[in-house]
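Structure first, then comments.
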Amino acid sequence: MAAGKFLMVGAGLSGAVIGRQLAEAGHQVQVLDSRDHIGGNCHTRRDPETGVLLHVYGPHIFHTDDAEVWDYVNQFARFMPYKNRVKTTARGQVFSLPVNLHTINQFFGKTMRPDEAHAFITTEQADTSIEDPQSFEEQALRFVGHDLYEAFFKGYTVKQWGLSPTQLPASILKRLPLRFNYDDNYFFHKYQGMPEQGYSEMIRKILDHPGISVMLETDFSREQTRDYDHVFYSGPLDGYFDYELGRLGYRTLDFEKFTYEGDYQGCAVMNYGDLAVPYTRITEHKHFAPWERHEASVCYREFSRNAEPGDIPYYPIRQLEEKALLAEYVALAEATPGVSFVGRLGTYRYLDMDVTIREALDVARGFLAAKASAAPIPAFWSAPL
């Protein structure tokens, strides 16, 4: 296959990984991003006042069972051991999340063994009359019962999504574990860690190839597609079409940054389950790099709300109304030649970092194979619907 000229719209994980794969195959790759930095929402930088490594758009913790993805990121960064141990403040106490044996015993004032706790939750707390949970609330009541749901899930969920848990799908809660031992590791994946110098430095190294050029603070316009053999677009799907059918729904985050001399909360993430507390959580960023030592601390209070024009989109809402509009945009995209829509925004799906990288590797390989065989190039390599 003759060398091609390809455009990556977005300098986050999708654009960097696809671009690197194509550059290594001998092609010329242009990466552009409207922001003044690489890394997208997993951008990290040093706080000039304290030296703390900041997760500028909220914490990103790498966890995966995909050995190839783990090996891939370790080519570009030294990953340090890190376990995500989340705490939550609710009803005047601090508890451990995800809900585990310590949480259950503390909350109910008991000293149960694992089998006793399992029997207690499943027979005395869980609402077994709910046979096929459809909503978040039904899943929670069937899962842990009324008391734990009210304390740990209801208020946090209302604040995070701006909706009643009766309006959210059960699938959101199905991702969260319930443990009848004292394991407080939030994730259960084989590989977990943090890049020693942050995600932006890792992505900088992925982009460090003679076949790749990067332009920041540069907006994309559809007219640019004619200058390239193919475009990989990781911006908002509706944004590509100038929102001509309307805007897909997202939640965004506002951060209230503050510094503290010493250790503010003793952990990286403290959730706030009570609805009366307006923020969802406080993150203390020096605890995301426990191999470093800093006297001062930088914390963010996080507030969630519906995204407005000009806001940074974080979480696709994907309610019925959005899915109907999404189907219309998918049809538009599939009728648009020369563009593949990738990543979280391009496919309007919530993706963890490891899944984003996995899909980017698969897209690059599929694209190179398709070009070599003159096969058609799809608009979506992973179906948004």
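By order in the structure tokens, chains are A, B, ...; within a chain, residues start at 1; ligands start at 1, following the order shown.
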
> Near Ile312 of chain A, within 12 Å and counting only C-alpha atoms, which residues show up once chain neighbours fewer than 2 positions away are dropped, as an NGL selection string?
Replying inline: :A and (34-35 or 40-41 or 57 or 235-236 or 249-255 or 304-310 or 314-316 or 345)

Residues just named, written with N, CA and C atoms as an mmCIF file, in the first residue's frame:
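Below is the file out20.cif, written as the result:
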data_model
loop_
_atom_site.group_PDB
_atom_site.id
_atom_site.type_symbol
_atom_site.label_atom_id
_atom_site.label_comp_id
_atom_site.auth_asym_id
_atom_site.auth_seq_id
_atom_site.Cartn_x
_atom_site.Cartn_y
_atom_site.Cartn_z
ATOM 1 N N SER A 34 -8.365 21.091 19.374
ATOM 2 C CA SER A 34 -8.788 22.470 19.618
ATOM 3 C C SER A 34 -8.257 23.018 20.937
ATOM 4 N N ARG A 35 -7.866 22.143 21.843
ATOM 5 C CA ARG A 35 -7.341 22.602 23.131
ATOM 6 C C ARG A 35 -5.846 22.932 23.000
ATOM 7 N N GLY A 40 -6.535 14.960 25.804
ATOM 8 C CA GLY A 40 -7.975 14.991 26.001
ATOM 9 C C GLY A 40 -8.338 15.144 27.466
ATOM 10 N N ASN A 41 -9.349 14.404 27.899
ATOM 11 C CA ASN A 41 -9.804 14.519 29.281
ATOM 12 C C ASN A 41 -8.932 13.756 30.273
ATOM 13 N N TYR A 57 -8.864 17.036 34.390
ATOM 14 C CA TYR A 57 -10.301 16.855 34.131
ATOM 15 C C TYR A 57 -10.876 15.714 34.964
ATOM 16 N N GLY A 235 -13.905 13.664 17.971
ATOM 17 C CA GLY A 235 -14.695 14.708 18.623
ATOM 18 C C GLY A 235 -16.141 14.265 18.774
ATOM 19 N N PRO A 236 -17.006 15.139 19.266
ATOM 20 C CA PRO A 236 -18.423 14.787 19.433
ATOM 21 C C PRO A 236 -19.069 14.473 18.078
ATOM 22 N N GLY A 249 -27.201 14.476 24.490
ATOM 23 C CA GLY A 249 -27.101 14.858 25.897
ATOM 24 C C GLY A 249 -25.850 14.323 26.569
ATOM 25 N N TYR A 250 -25.183 15.185 27.308
ATOM 26 C CA TYR A 250 -24.017 14.814 28.104
ATOM 27 C C TYR A 250 -24.137 15.411 29.501
ATOM 28 N N ARG A 251 -23.501 14.776 30.455
ATOM 29 C CA ARG A 251 -23.223 15.413 31.732
ATOM 30 C C ARG A 251 -21.805 15.973 31.665
ATOM 31 N N THR A 252 -21.619 17.106 32.296
ATOM 32 C CA THR A 252 -20.297 17.696 32.401
ATOM 33 C C THR A 252 -19.960 17.877 33.862
ATOM 34 N N LEU A 253 -18.721 18.241 34.137
ATOM 35 C CA LEU A 253 -18.262 18.433 35.509
ATOM 36 C C LEU A 253 -17.694 19.834 35.685
ATOM 37 N N ASP A 254 -17.995 20.417 36.841
ATOM 38 C CA ASP A 254 -17.344 21.649 37.277
ATOM 39 C C ASP A 254 -16.439 21.289 38.456
ATOM 40 N N PHE A 255 -15.253 21.879 38.478
ATOM 41 C CA PHE A 255 -14.290 21.579 39.530
ATOM 42 C C PHE A 255 -14.029 22.838 40.354
ATOM 43 N N SER A 304 -21.594 17.902 39.221
ATOM 44 C CA SER A 304 -22.064 17.375 37.939
ATOM 45 C C SER A 304 -23.325 18.113 37.509
ATOM 46 N N ARG A 305 -23.442 18.378 36.202
ATOM 47 C CA ARG A 305 -24.635 19.019 35.655
ATOM 48 C C ARG A 305 -24.754 18.691 34.179
ATOM 49 N N ASN A 306 -25.890 19.023 33.585
ATOM 50 C CA ASN A 306 -26.073 18.809 32.154
ATOM 51 C C ASN A 306 -25.154 19.739 31.364
ATOM 52 N N ALA A 307 -24.533 19.199 30.351
ATOM 53 C CA ALA A 307 -23.629 19.999 29.530
ATOM 54 C C ALA A 307 -24.407 20.978 28.670
ATOM 55 N N GLU A 308 -23.898 22.185 28.589
ATOM 56 C CA GLU A 308 -24.444 23.227 27.723
ATOM 57 C C GLU A 308 -23.459 23.469 26.576
ATOM 58 N N PRO A 309 -23.888 24.164 25.515
ATOM 59 C CA PRO A 309 -22.951 24.494 24.443
ATOM 60 C C PRO A 309 -21.700 25.176 24.989
ATOM 61 N N GLY A 310 -20.547 24.727 24.579
ATOM 62 C CA GLY A 310 -19.286 25.276 25.063
ATOM 63 C C GLY A 310 -18.690 24.517 26.226
ATOM 64 N N TYR A 314 -18.572 14.966 29.235
ATOM 65 C CA TYR A 314 -17.921 13.880 29.965
ATOM 66 C C TYR A 314 -18.655 12.549 29.793
ATOM 67 N N TYR A 315 -19.908 12.514 30.249
ATOM 68 C CA TYR A 315 -20.641 11.250 30.280
ATOM 69 C C TYR A 315 -21.848 11.317 29.355
ATOM 70 N N PRO A 316 -21.922 10.460 28.333
ATOM 71 C CA PRO A 316 -23.126 10.427 27.489
ATOM 72 C C PRO A 316 -24.324 9.943 28.303
ATOM 73 N N LEU A 345 -16.347 10.131 22.355
ATOM 74 C CA LEU A 345 -17.227 11.157 21.798
ATOM 75 C C LEU A 345 -17.700 10.802 20.401
#

>> Can you pull out every residue from segment 168-272 of chain A that DSSP, working from the backbone, puts in helix (DSSP H, G or I), and format the result as an MDAnalysis selection string?
In response: chainID A and resid 171:174 199:207 222:227 237:240

Dump N, CA, C and O atoms for the selected residues as a compact mmCIF listing (two decimals), in the first residue's frame?
# COMPACT_ATOMS: atom_id res chain seq x y z
N SER A 171 -28.43 -1.13 34.12
CA SER A 171 -27.07 -1.48 33.70
C SER A 171 -26.00 -0.62 34.36
O SER A 171 -24.86 -1.06 34.53
N ILE A 172 -26.34 0.60 34.75
CA ILE A 172 -25.35 1.48 35.39
C ILE A 172 -24.85 0.86 36.69
O ILE A 172 -23.66 0.89 36.99
N LEU A 173 -25.78 0.29 37.46
CA LEU A 173 -25.40 -0.28 38.76
C LEU A 173 -24.79 -1.67 38.62
O LEU A 173 -24.02 -2.10 39.48
N LYS A 174 -25.10 -2.36 37.56
CA LYS A 174 -24.60 -3.72 37.40
C LYS A 174 -23.08 -3.78 37.31
O LYS A 174 -22.48 -4.83 37.51
N TYR A 199 -0.45 10.89 32.38
CA TYR A 199 -0.97 10.43 31.09
C TYR A 199 -0.51 11.31 29.93
O TYR A 199 -0.27 10.82 28.82
N SER A 200 -0.39 12.60 30.15
CA SER A 200 0.02 13.46 29.05
C SER A 200 1.44 13.14 28.58
O SER A 200 1.73 13.16 27.38
N GLU A 201 2.31 12.81 29.52
CA GLU A 201 3.67 12.43 29.13
C GLU A 201 3.65 11.10 28.37
O GLU A 201 4.39 10.93 27.39
N MET A 202 2.81 10.17 28.78
CA MET A 202 2.67 8.90 28.06
C MET A 202 2.18 9.15 26.63
O MET A 202 2.73 8.60 25.67
N ILE A 203 1.17 10.00 26.50
CA ILE A 203 0.62 10.27 25.17
C ILE A 203 1.62 11.06 24.33
O ILE A 203 1.72 10.86 23.11
N ARG A 204 2.40 11.92 24.95
CA ARG A 204 3.45 12.64 24.21
C ARG A 204 4.42 11.65 23.57
O ARG A 204 4.83 11.80 22.41
N LYS A 205 4.76 10.60 24.30
CA LYS A 205 5.69 9.60 23.77
C LYS A 205 5.03 8.76 22.67
O LYS A 205 5.70 8.34 21.72
N ILE A 206 3.73 8.49 22.81
CA ILE A 206 3.03 7.77 21.73
C ILE A 206 3.07 8.61 20.45
O ILE A 206 3.27 8.08 19.35
N LEU A 207 2.91 9.91 20.59
CA LEU A 207 2.89 10.81 19.43
C LEU A 207 4.29 11.14 18.91
O LEU A 207 4.42 11.76 17.85
N ARG A 222 -15.04 20.56 8.37
CA ARG A 222 -15.29 19.45 7.45
C ARG A 222 -14.58 19.63 6.11
O ARG A 222 -14.28 18.65 5.42
N GLU A 223 -14.30 20.88 5.74
CA GLU A 223 -13.62 21.12 4.47
C GLU A 223 -12.22 20.48 4.45
O GLU A 223 -11.68 20.18 3.38
N GLN A 224 -11.64 20.27 5.64
CA GLN A 224 -10.30 19.70 5.71
C GLN A 224 -10.25 18.25 5.23
O GLN A 224 -9.18 17.74 4.91
N THR A 225 -11.39 17.56 5.22
CA THR A 225 -11.38 16.15 4.84
C THR A 225 -10.86 15.95 3.43
O THR A 225 -10.28 14.91 3.12
N ARG A 226 -11.06 16.95 2.56
CA ARG A 226 -10.62 16.79 1.17
C ARG A 226 -9.10 16.79 1.04
O ARG A 226 -8.56 16.38 0.01
N ASP A 227 -8.40 17.24 2.09
CA ASP A 227 -6.95 17.31 2.04
C ASP A 227 -6.26 16.02 2.48
O ASP A 227 -5.03 15.94 2.46
N LEU A 237 -19.77 13.36 18.01
CA LEU A 237 -20.42 12.93 16.78
C LEU A 237 -21.35 14.01 16.25
O LEU A 237 -21.32 14.35 15.05
N ASP A 238 -22.19 14.57 17.12
CA ASP A 238 -23.11 15.61 16.67
C ASP A 238 -22.36 16.88 16.27
O ASP A 238 -22.79 17.62 15.38
N GLY A 239 -21.20 17.12 16.89
CA GLY A 239 -20.40 18.29 16.56
C GLY A 239 -19.85 18.22 15.14
O GLY A 239 -19.68 19.27 14.50
N TYR A 240 -19.55 17.03 14.66
CA TYR A 240 -19.05 16.91 13.29
C TYR A 240 -20.06 17.48 12.30
O TYR A 240 -19.68 18.08 11.30

Could the residues of segment 4-99 of chain A that have an atom at most 10 Å from segment 329-344 of chain A be listed as JSON lines, each with its closest atom pair and the distance in Å to one decimal, counting only C-alpha atoms and ordered by chain and ascending residue number?
{"residue": "A:Leu7", "atom": "CA", "partner": "A:Val339", "partner_atom": "CA", "distance": 9.5}
{"residue": "A:Met8", "atom": "CA", "partner": "A:Ser340", "partner_atom": "CA", "distance": 9.8}
{"residue": "A:Val9", "atom": "CA", "partner": "A:Phe341", "partner_atom": "CA", "distance": 9.6}
{"residue": "A:Gly10", "atom": "CA", "partner": "A:Gly343", "partner_atom": "CA", "distance": 9.6}
{"residue": "A:Gly12", "atom": "CA", "partner": "A:Gly343", "partner_atom": "CA", "distance": 9.0}
{"residue": "A:Leu13", "atom": "CA", "partner": "A:Gly343", "partner_atom": "CA", "distance": 8.2}
{"residue": "A:Ser14", "atom": "CA", "partner": "A:Gly343", "partner_atom": "CA", "distance": 5.7}
{"residue": "A:Gly15", "atom": "CA", "partner": "A:Gly343", "partner_atom": "CA", "distance": 8.4}
{"residue": "A:Ile18", "atom": "CA", "partner": "A:Val342", "partner_atom": "CA", "distance": 9.7}

>> My list of candidates is A:Arg281, A:Lys286, A:His27, A:Arg247. Which is closest to Tyr260 of chain A when distances are computed with only C-alpha atoms?
In response: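 Looking only at the distances to Tyr260 of chain A, the closest residue turns out to be A:Lys286.
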
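With only C-alpha atoms as the atoms that count, the minimum distance from Ala117 of chain A to the choices A:Thr88, A:Met80, A:Arg179, A:Ser164 is reached by A:Arg179.
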